[in-house]
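> If you scroll down you'll find the structure; I have some questions about it.
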Amino acid sequence: MIDKFVTDMASAVADMPDGAHVMIGGFGSSGIPFALIDAVCAAGPRHLTVISNNTGSGETGVSALLREGLVDKVICSYPRSRGSVWFERLYTQRAIELELVPQGTLAERMRAAGAGLGGFFTPTGYGTALAKGKETRMIDGRGHVLEAPLAADYALLSAARADPWGNLVYNTAARNFNPVMATAARCTVVEVAQAAALGALDPEAVATPGIFVDRVAVREAL
Amino acid sequence: MIDKFVTDMASAVADMPDGAHVMIGGFGSSGIPFALIDAVCAAGPRHLTVISNNTGSGETGVSALLREGLVDKVICSYPRSRGSVWFERLYTQRAIELELVPQGTLAERMRAAGAGLGGFFTPTGYGTALAKGKETRMIDGRGHVLEAPLAADYALLSAARADPWGNLVYNTAARNFNPVMATAARCTVVEVAQAAALGALDPEAVATPGIFVDRVAVREAL
Amino acid sequence: MTPPRYSTHDMAARLAADIPDGAYVNLGIGLPVIVANHVPEGRQVIYHSENGILGVSRSPTTDEEYDPDLINAAKDPVTLIAGGCYFDTAESFAMMRGGHLDLAVLGAFQVSATGDLANWATRDATYPPAVGGAMDLAVGAKQVYVLMRHTAKDGTPKLVETCDLPLTGTGCVRRVYTDLGVFEIDADQRCANVIERFDGVSFEALRAATGMRLVE
Amino acid sequence: MTPPRYSTHDMAARLAADIPDGAYVNLGIGLPVIVANHVPEGRQVIYHSENGILGVSRSPTTDEEYDPDLINAAKDPVTLIAGGCYFDTAESFAMMRGGHLDLAVLGAFQVSATGDLANWATRDATYPPAVGGAMDLAVGAKQVYVLMRHTAKDGTPKLVETCDLPLTGTGCVRRVYTDLGVFEIDADQRCANVIERFDGVSFEALRAATGMRLVE
């Protein structure tokens, strides 16, 4: 029988090696897999590349990974949220590499990886510093930039509920990057607030079909 | 106040001009906008290009448009379903043009148009007759074909319920091409089985946000 | 002597025996759909249908179960298993092309010694060609298994050195299950390794019915 | 003489008056979000937030309304209006880039005579750059209106012949609303047409505060 639930957060991320490329879902503090990130901090793999929209705030989320010195590089669109002190500190010390990607291009590159596409032309960023060194092309009179798919070894995600097959439903705006990252990683790991029985999720409202999910861990009640 | 409901099927398609490019949702007989198609037949615009996965069956759906002689060209993936007699008749008489597109490429070209992308590289069709004349490229050691976005003047779609803002929910497998076509047409027209009040649809289960929808007509009860 | 041939059900059962527990599988229209009837007891397989379903189950048996919108790729009515879900065509083919399906089982007119697949167009130019999702499945699934009769109706081999029918995809077929045996394509060596010869099928008989080099 | 200047609320109200009924609108972080408070009575506007919301409404006022997951692009808690819905980032930016939003209102450091926009990076190399969704909005919305102070804090013009700050997008800005007036960029003529000069602002004062050619 297919059962993607694992016993706890620690076992969900225990095999993450040094140098892994890790997508982390969320936008601001919404839809962030805080418990999985804590488990990664405890396990301590080093030289990670983190792919996430933001760089965390205060001492939790992506900030915790940065503070622990586990991250060599960040690929993100907006590393400058309120309280992103750890990223700013490392960045000004030149102790971390930053690849800045427009948010829509970031999501679309993930989708391309997840959807088996070799790349796409987008008008976003054409004529700007973020297109520097990239192939460009005029299409229907408009400048476009060729962008490559962006995959990862792991995706760490957060959802509201999962069933044993890994079908996911989210709460309101907590979807953000989670569904698209689920498609783009070799190993997709999800923390959920609640487990659901098989058949208990509305098949019309499943935002991430279980085929994209490898492991699910249930957050402990606070 | 935003209210996208129109009085009937006829007024929903009354402005369709000769030569229009028209996407028609559905797969087999699931999710086909039969009533809107009947209204187009009655209005009688000519020289249409129809973009749809199949070419209809028997005397209804896309078949009816073909029988009425309204269609110059079909862009589709599978024009050979059971009972596609009208398409076969016109095709063998060389009375209709066919652009055959792999189903995934057909959907993805629509998505590219709807998502404002200039094109994408796909491995689908590489090395086959359907890539003839197209730009190709090796990416990570694998052959890819460059495919262009596919937009339309109208999309005729079918959904289960709509609210006044045009938010749509579907029934089971009737989604198929409907949500992606909704994004790719300049004028998206939807027939629904039932109207819903604003706020009555589950915001987590809306598969087509109303921003993609221009007009909604409610099917008469049988 | 004509070699003994397995029935379609025997062939489907042989392939079904190789599907691992928990696999996500797309079964092509025609012969491949029969495979679902032969998966061994206790093995859970999740079936994908290109029109936007994961968790396709059996045909409806009551009026209550029957939903005219709920059809499979062959346009036949089906039901959804508990744990199944729906999505649109763009997402369905993202799944297929993106390598998320463990296995696609496809029919074929021809398979070449380099794993090229021809299964969508014949030479009849008056008949409209139709490709559907075949090309996406051929490039997208982690594994592509072909289930087909070993020879065409006129006796010509379908395992060939080079396909002369229009291709569906290049270098995509890994295994071929026929009514004579099971074969693994070795594109580097341009041959098929015989994994299994069915009872009563001699290697010579196999070779006579095959258009590419066989290695046993 | 220093020209009289409109308050941020005056500027936002002036822009809000130009938003048509039924429009789908994205309001950028900072000054632009104020626009929502000034839309005239009886006009229905549907607000989009890049993180995956259509139908963003006011801040929660009770514990029951407060949902920590339900935030806008500025990461502030919001509520959903009846008729609103949720989607993921990929779909949200498909909406933005695909030309489905009627209007994006953005802040700016500089706008050029050809409608180039600079609003994401300053010259301070030690401070991490951040772009977010600005480049996607710049290329994607049917109309891009800029809402900004007419001059920088040090008095230098922000309406300039050519941007010298890093660009967000090229040729994308149609209208600019400042504390001195309303301007329509004419990229062909490389100038800004003065749609409106606010009370007490002379054309000469305007010209002195502007780095591109003005036509009245």
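To be explicit about the labels: the chains of the structure tokens are called A, B, and onward in the order shown, and within each one the residues are counted from 1, while ligands get numbers from 1 in the order they are shown.
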Write out as number ranges by chain all residues of region 14-175 of chain D that backbone DSSP assigns to strand (DSSP E or B).

D: 24-27, 46-49, 53-57, 71, 77, 79-86, 103-106, 110-112, 117-118, 144-147, 151, 157, 159-160, 169, 175

> I need the residues from that last selection saved to file as a short mmCIF file (atom, residue, chain, number, x, y, z; two decimals), in the first residue's frame (with N, CA and C atoms), if you can.


data_model
loop_
_atom_site.label_atom_id
_atom_site.label_comp_id
_atom_site.auth_asym_id
_atom_site.auth_seq_id
_atom_site.Cartn_x
_atom_site.Cartn_y
_atom_site.Cartn_z
N TYR D 24 -9.27 44.84 -13.22
CA TYR D 24 -8.37 43.98 -12.44
C TYR D 24 -7.06 44.74 -12.27
N VAL D 25 -6.68 44.97 -11.04
CA VAL D 25 -5.58 45.90 -10.75
C VAL D 25 -4.58 45.30 -9.77
N ASN D 26 -3.30 45.49 -10.04
CA ASN D 26 -2.25 45.15 -9.08
C ASN D 26 -1.62 46.45 -8.59
N LEU D 27 -1.63 46.61 -7.27
CA LEU D 27 -1.03 47.80 -6.68
C LEU D 27 0.31 47.42 -6.06
N ILE D 46 -11.14 44.83 -8.73
CA ILE D 46 -10.68 43.55 -8.18
C ILE D 46 -9.16 43.59 -8.09
N TYR D 47 -8.66 43.46 -6.86
CA TYR D 47 -7.23 43.58 -6.63
C TYR D 47 -6.54 42.23 -6.67
N HIS D 48 -5.44 42.21 -7.39
CA HIS D 48 -4.60 41.03 -7.55
C HIS D 48 -3.38 41.18 -6.66
N SER D 49 -2.98 40.08 -6.01
CA SER D 49 -1.73 40.08 -5.26
C SER D 49 -0.85 38.97 -5.82
N ILE D 53 -3.53 35.73 -5.10
CA ILE D 53 -4.87 36.12 -4.68
C ILE D 53 -5.49 37.03 -5.73
N LEU D 54 -6.73 36.78 -6.08
CA LEU D 54 -7.57 37.75 -6.78
C LEU D 54 -8.69 38.10 -5.83
N GLY D 55 -8.94 39.40 -5.63
CA GLY D 55 -10.00 39.79 -4.71
C GLY D 55 -9.47 40.10 -3.32
N VAL D 56 -8.28 40.72 -3.27
CA VAL D 56 -7.73 41.15 -1.99
C VAL D 56 -8.63 42.23 -1.41
N SER D 57 -8.95 42.10 -0.13
CA SER D 57 -9.76 43.10 0.54
C SER D 57 -8.98 43.70 1.71
N ILE D 71 -1.82 36.86 3.30
CA ILE D 71 -1.09 38.13 3.30
C ILE D 71 -1.01 38.66 1.87
N PRO D 77 -1.21 41.25 6.60
CA PRO D 77 -2.44 40.45 6.60
C PRO D 77 -3.58 41.17 5.90
N THR D 79 -7.78 40.31 3.91
CA THR D 79 -8.92 39.39 3.85
C THR D 79 -9.28 39.20 2.37
N LEU D 80 -10.15 38.22 2.12
CA LEU D 80 -10.60 37.94 0.74
C LEU D 80 -12.02 38.45 0.58
N ILE D 81 -12.29 39.09 -0.55
CA ILE D 81 -13.63 39.56 -0.84
C ILE D 81 -14.46 38.39 -1.37
N ALA D 82 -15.77 38.43 -1.20
CA ALA D 82 -16.63 37.39 -1.80
C ALA D 82 -16.45 37.44 -3.31
N GLY D 83 -16.13 36.30 -3.92
CA GLY D 83 -15.82 36.26 -5.34
C GLY D 83 -14.33 36.21 -5.61
N GLY D 84 -13.54 36.28 -4.55
CA GLY D 84 -12.09 36.14 -4.69
C GLY D 84 -11.68 34.68 -4.77
N CYS D 85 -10.45 34.43 -5.13
CA CYS D 85 -9.96 33.04 -5.18
C CYS D 85 -8.44 33.01 -5.05
N TYR D 86 -7.93 31.78 -4.89
CA TYR D 86 -6.50 31.55 -4.67
C TYR D 86 -5.90 30.73 -5.80
N LEU D 103 -4.46 46.85 -15.17
CA LEU D 103 -3.62 47.95 -14.71
C LEU D 103 -2.67 47.49 -13.61
N ALA D 104 -1.42 47.92 -13.72
CA ALA D 104 -0.48 47.80 -12.60
C ALA D 104 -0.08 49.21 -12.20
N VAL D 105 -0.13 49.48 -10.92
CA VAL D 105 0.33 50.77 -10.41
C VAL D 105 1.63 50.53 -9.66
N LEU D 106 2.70 51.17 -10.13
CA LEU D 106 4.02 50.91 -9.57
C LEU D 106 4.66 52.20 -9.06
N GLN D 110 12.92 56.26 -11.33
CA GLN D 110 13.03 57.06 -12.55
C GLN D 110 12.10 56.50 -13.63
N VAL D 111 11.57 57.42 -14.46
CA VAL D 111 10.86 57.04 -15.68
C VAL D 111 11.47 57.84 -16.82
N SER D 112 11.75 57.16 -17.95
CA SER D 112 12.42 57.86 -19.05
C SER D 112 11.42 58.33 -20.10
N LEU D 117 11.37 52.12 -17.18
CA LEU D 117 11.09 52.21 -15.75
C LEU D 117 12.29 51.70 -14.95
N ALA D 118 12.70 52.47 -13.93
CA ALA D 118 13.73 52.01 -12.99
C ALA D 118 13.13 52.08 -11.60
N VAL D 144 0.57 50.25 -17.48
CA VAL D 144 1.40 50.48 -16.30
C VAL D 144 1.34 51.97 -15.98
N TYR D 145 0.81 52.29 -14.80
CA TYR D 145 0.81 53.66 -14.31
C TYR D 145 1.84 53.75 -13.19
N VAL D 146 2.61 54.81 -13.20
CA VAL D 146 3.56 55.04 -12.12
C VAL D 146 3.01 56.10 -11.19
N LEU D 147 3.12 55.84 -9.89
CA LEU D 147 2.73 56.82 -8.87
C LEU D 147 3.99 57.13 -8.07
N THR D 151 10.04 64.58 -7.75
CA THR D 151 11.50 64.65 -7.66
C THR D 151 11.99 63.79 -6.49
N PRO D 157 15.28 65.49 -10.66
CA PRO D 157 14.09 64.99 -11.35
C PRO D 157 14.07 63.46 -11.44
N LEU D 159 11.52 62.16 -13.57
CA LEU D 159 11.13 62.03 -14.98
C LEU D 159 12.34 62.49 -15.78
N VAL D 160 13.04 61.54 -16.43
CA VAL D 160 14.33 61.84 -17.02
C VAL D 160 14.38 61.44 -18.49
N GLY D 169 12.11 47.63 -16.70
CA GLY D 169 11.56 47.25 -18.00
C GLY D 169 11.72 48.39 -18.96
N ARG D 175 1.52 56.12 -18.10
CA ARG D 175 1.17 57.34 -17.40
C ARG D 175 1.94 57.48 -16.10
#

> For chain C, work out the contacting residues on chain A at 12 Å, counting only C-alpha atoms, and write them as a count of residues only.

51

> Quick one: everything within 9 Å of Gly26 (chain A), counting only C-alpha atoms, minus sequence neighbours fewer than 4 positions away in the same chain. Send it as a ChimeraX atom specification.

/A:30-33,52-54,157-158,174-178

> Taking 5 positions as the minimum chain separation for residues in the same chain, which residues sit within 10 Å of Ala12 (chain D) when counting only C-alpha atoms? Answer as a list in words.

Tyr6, Ser7, Ala17, Leu31, Pro32, Val33, Ile34, Val35, Ala36, Asn37, His38, Val39, Leu147, Met148, Tyr177, Thr178 and Asp179 of chain D

> Could you give me, as a PyMOL selection string, each residue of region 18-212 of chain D that DSSP assigns to alpha helix (DSSP H) when run on this structure's backbone?

chain D and resi 89-97+134-140+203-208

> Give me, as a list in words, all polymer residues having an atom no more than 12 Å from Asp199 (chain C), counting only C-alpha atoms and skipping those fewer than 2 positions away in the same chain.

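Non-adjacent residues within range: Pro3, Pro4, Arg5, Tyr6, Asp10, Asp179, Leu180, Gly181, Val182, Glu196, Arg197, Val201, Ser202, Phe203 and Leu206 of chain C.
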
> Please write the residues from the selection above to a file, keeping all heavy atoms, as a short mmCIF file (atom, residue, chain, number, x, y, z; two decimals), in the first residue's frame.


data_model
loop_
_atom_site.label_atom_id
_atom_site.label_comp_id
_atom_site.auth_asym_id
_atom_site.auth_seq_id
_atom_site.Cartn_x
_atom_site.Cartn_y
_atom_site.Cartn_z
N PRO C 3 5.35 -20.65 -34.62
CA PRO C 3 5.53 -20.77 -33.16
C PRO C 3 4.20 -20.55 -32.44
O PRO C 3 3.33 -19.86 -32.96
CB PRO C 3 6.52 -19.66 -32.85
CG PRO C 3 6.39 -18.68 -33.95
CD PRO C 3 5.97 -19.45 -35.17
N PRO C 4 4.02 -21.13 -31.27
CA PRO C 4 2.82 -20.88 -30.47
C PRO C 4 2.83 -19.43 -30.04
O PRO C 4 3.88 -18.84 -29.81
CB PRO C 4 2.97 -21.82 -29.28
CG PRO C 4 4.43 -22.09 -29.16
CD PRO C 4 4.99 -21.98 -30.55
N ARG C 5 1.65 -18.85 -29.95
CA ARG C 5 1.59 -17.44 -29.60
C ARG C 5 0.74 -17.24 -28.37
O ARG C 5 -0.30 -17.87 -28.21
CB ARG C 5 1.00 -16.64 -30.77
CG ARG C 5 1.87 -16.74 -32.01
CD ARG C 5 1.53 -15.68 -33.02
NE ARG C 5 2.70 -15.46 -33.87
CZ ARG C 5 3.01 -14.30 -34.41
NH1 ARG C 5 2.26 -13.25 -34.19
NH2 ARG C 5 4.07 -14.17 -35.17
N TYR C 6 1.17 -16.30 -27.55
CA TYR C 6 0.41 -15.97 -26.36
C TYR C 6 -0.81 -15.14 -26.75
O TYR C 6 -0.80 -14.38 -27.73
CB TYR C 6 1.29 -15.15 -25.41
CG TYR C 6 2.03 -15.97 -24.40
CD1 TYR C 6 2.62 -17.20 -24.76
CD2 TYR C 6 2.15 -15.56 -23.08
CE1 TYR C 6 3.31 -17.93 -23.82
CE2 TYR C 6 2.84 -16.30 -22.14
CZ TYR C 6 3.42 -17.49 -22.51
OH TYR C 6 4.10 -18.22 -21.58
N ASP C 10 -2.52 -13.11 -22.03
CA ASP C 10 -1.23 -13.64 -21.55
C ASP C 10 -0.16 -12.55 -21.62
O ASP C 10 0.62 -12.36 -20.69
CB ASP C 10 -0.78 -14.83 -22.41
CG ASP C 10 -1.71 -16.03 -22.29
OD1 ASP C 10 -2.37 -16.17 -21.23
OD2 ASP C 10 -1.78 -16.81 -23.25
N ASP C 179 3.72 -11.43 -28.16
CA ASP C 179 3.12 -12.75 -27.96
C ASP C 179 4.16 -13.86 -28.07
O ASP C 179 3.83 -15.03 -27.93
CB ASP C 179 1.96 -12.98 -28.94
CG ASP C 179 2.31 -12.55 -30.36
OD1 ASP C 179 3.32 -11.83 -30.54
OD2 ASP C 179 1.58 -12.93 -31.27
N LEU C 180 5.43 -13.48 -28.31
CA LEU C 180 6.48 -14.50 -28.37
C LEU C 180 7.47 -14.39 -27.21
O LEU C 180 8.16 -15.36 -26.90
CB LEU C 180 7.24 -14.41 -29.70
CG LEU C 180 6.42 -14.65 -30.97
CD1 LEU C 180 7.32 -14.60 -32.20
CD2 LEU C 180 5.68 -15.99 -30.91
N GLY C 181 7.56 -13.21 -26.61
CA GLY C 181 8.53 -13.07 -25.53
C GLY C 181 8.65 -11.65 -25.03
O GLY C 181 7.81 -10.79 -25.35
N VAL C 182 9.70 -11.44 -24.24
CA VAL C 182 9.96 -10.13 -23.65
C VAL C 182 11.37 -9.70 -24.06
O VAL C 182 12.32 -10.50 -23.98
CB VAL C 182 9.86 -10.18 -22.11
CG1 VAL C 182 10.11 -8.81 -21.51
CG2 VAL C 182 8.50 -10.72 -21.68
N GLU C 196 13.03 -13.02 -22.15
CA GLU C 196 12.25 -14.24 -21.97
C GLU C 196 11.69 -14.68 -23.31
O GLU C 196 11.22 -13.85 -24.09
CB GLU C 196 11.10 -13.94 -20.99
CG GLU C 196 10.39 -15.16 -20.49
CD GLU C 196 9.37 -14.80 -19.40
OE1 GLU C 196 9.61 -13.83 -18.64
OE2 GLU C 196 8.32 -15.46 -19.36
N ARG C 197 11.82 -15.99 -23.57
CA ARG C 197 11.14 -16.61 -24.71
C ARG C 197 10.00 -17.41 -24.14
O ARG C 197 10.18 -18.17 -23.20
CB ARG C 197 12.10 -17.57 -25.42
CG ARG C 197 12.67 -17.05 -26.70
CD ARG C 197 13.42 -18.14 -27.45
NE ARG C 197 14.60 -18.63 -26.77
CZ ARG C 197 14.82 -19.90 -26.48
NH1 ARG C 197 13.90 -20.83 -26.76
NH2 ARG C 197 15.93 -20.26 -25.88
N VAL C 201 8.61 -21.41 -27.86
CA VAL C 201 9.14 -20.50 -28.89
C VAL C 201 10.65 -20.69 -28.97
O VAL C 201 11.36 -20.38 -28.02
CB VAL C 201 8.80 -19.03 -28.56
CG1 VAL C 201 9.39 -18.10 -29.61
CG2 VAL C 201 7.30 -18.84 -28.43
N SER C 202 11.13 -21.23 -30.10
CA SER C 202 12.58 -21.42 -30.25
C SER C 202 13.24 -20.10 -30.61
O SER C 202 12.60 -19.19 -31.12
CB SER C 202 12.84 -22.45 -31.35
OG SER C 202 12.49 -21.88 -32.60
N PHE C 203 14.54 -20.02 -30.33
CA PHE C 203 15.28 -18.81 -30.69
C PHE C 203 15.25 -18.60 -32.21
O PHE C 203 15.16 -17.47 -32.68
CB PHE C 203 16.72 -18.92 -30.18
CG PHE C 203 17.51 -17.66 -30.36
CD1 PHE C 203 17.16 -16.50 -29.67
CD2 PHE C 203 18.59 -17.61 -31.24
CE1 PHE C 203 17.88 -15.32 -29.84
CE2 PHE C 203 19.31 -16.42 -31.41
CZ PHE C 203 18.96 -15.28 -30.71
N LEU C 206 11.99 -17.15 -33.21
CA LEU C 206 11.98 -15.75 -32.81
C LEU C 206 12.74 -14.91 -33.83
O LEU C 206 12.28 -13.85 -34.27
CB LEU C 206 12.67 -15.65 -31.44
CG LEU C 206 12.24 -14.54 -30.50
CD1 LEU C 206 10.74 -14.55 -30.28
CD2 LEU C 206 12.96 -14.71 -29.16
#

> Using CA of Glu191 (chain A) and CA of Ala130 (chain D) as the two end points, give the distance in Å to one decimal.

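The value is 28.0 Å.
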
> May I have the residues within 7 Å of Leu146 (chain A) as a list in words, using only C-alpha atoms and disregarding those fewer than 4 positions away in the same chain?

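These residues fall inside the cut-off: Gly119, Phe120, Phe121, Thr122, Lys134, Glu135 and Thr136 of chain A.
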
> Write a file of the just-selected residues containing N, CA and C atoms, as a compact mmCIF listing (two decimals), in the first residue's frame.


# COMPACT_ATOMS: atom_id res chain seq x y z
N GLY A 119 13.24 25.03 -21.77
CA GLY A 119 13.45 26.46 -21.58
C GLY A 119 12.34 27.23 -22.26
N PHE A 120 12.29 28.54 -22.02
CA PHE A 120 11.21 29.35 -22.58
C PHE A 120 11.69 30.78 -22.80
N PHE A 121 11.02 31.45 -23.72
CA PHE A 121 11.28 32.87 -23.97
C PHE A 121 10.28 33.70 -23.19
N THR A 122 10.80 34.64 -22.40
CA THR A 122 9.91 35.52 -21.63
C THR A 122 10.30 36.97 -21.87
N LYS A 134 22.41 36.52 -21.18
CA LYS A 134 21.42 35.54 -21.62
C LYS A 134 21.07 35.74 -23.09
N GLU A 135 20.71 34.65 -23.75
CA GLU A 135 20.27 34.73 -25.14
C GLU A 135 18.97 35.51 -25.21
N THR A 136 18.87 36.41 -26.19
CA THR A 136 17.63 37.17 -26.37
C THR A 136 17.15 37.01 -27.80

> Tell me which protein, DNA and RNA residues are within 8 Å of Val13 (chain B), counting only C-alpha atoms, leaving out same-chain ones fewer than 2 positions away, and put them as a PDB file with C-alpha atoms, in the first residue's frame.


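Output contents, as saved in part-v1.pdb:
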ATOM      1  CA  MET B   9     -26.109  31.551 -25.886  1.00  0.00           C
ATOM      2  CA  ALA B  10     -26.935  33.552 -29.022  1.00  0.00           C
ATOM      3  CA  SER B  11     -25.879  36.886 -27.555  1.00  0.00           C
ATOM      4  CA  ASP B  15     -20.174  39.229 -32.515  1.00  0.00           C
ATOM      5  CA  MET B  16     -18.015  36.375 -33.844  1.00  0.00           C
ATOM      6  CA  LEU B  36     -22.471  27.626 -27.569  1.00  0.00           C
ATOM      7  CA  ALA B  39     -25.413  29.167 -31.265  1.00  0.00           C
ATOM      8  CA  VAL B  40     -22.396  29.643 -33.547  1.00  0.00           C
ATOM      9  CA  ALA B  43     -25.162  32.713 -36.326  1.00  0.00           C
ATOM     10  CA  VAL B 189     -17.154  32.648 -23.449  1.00  0.00           C
TER      11      VAL B 189
END

> Taking only C-alpha atoms into account, which of A:Lys73, A:Arg137, A:Arg80, A:His21 comes nearest chain B?

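Among the listed residues, the smallest separation from chain B belongs to A:Arg137.
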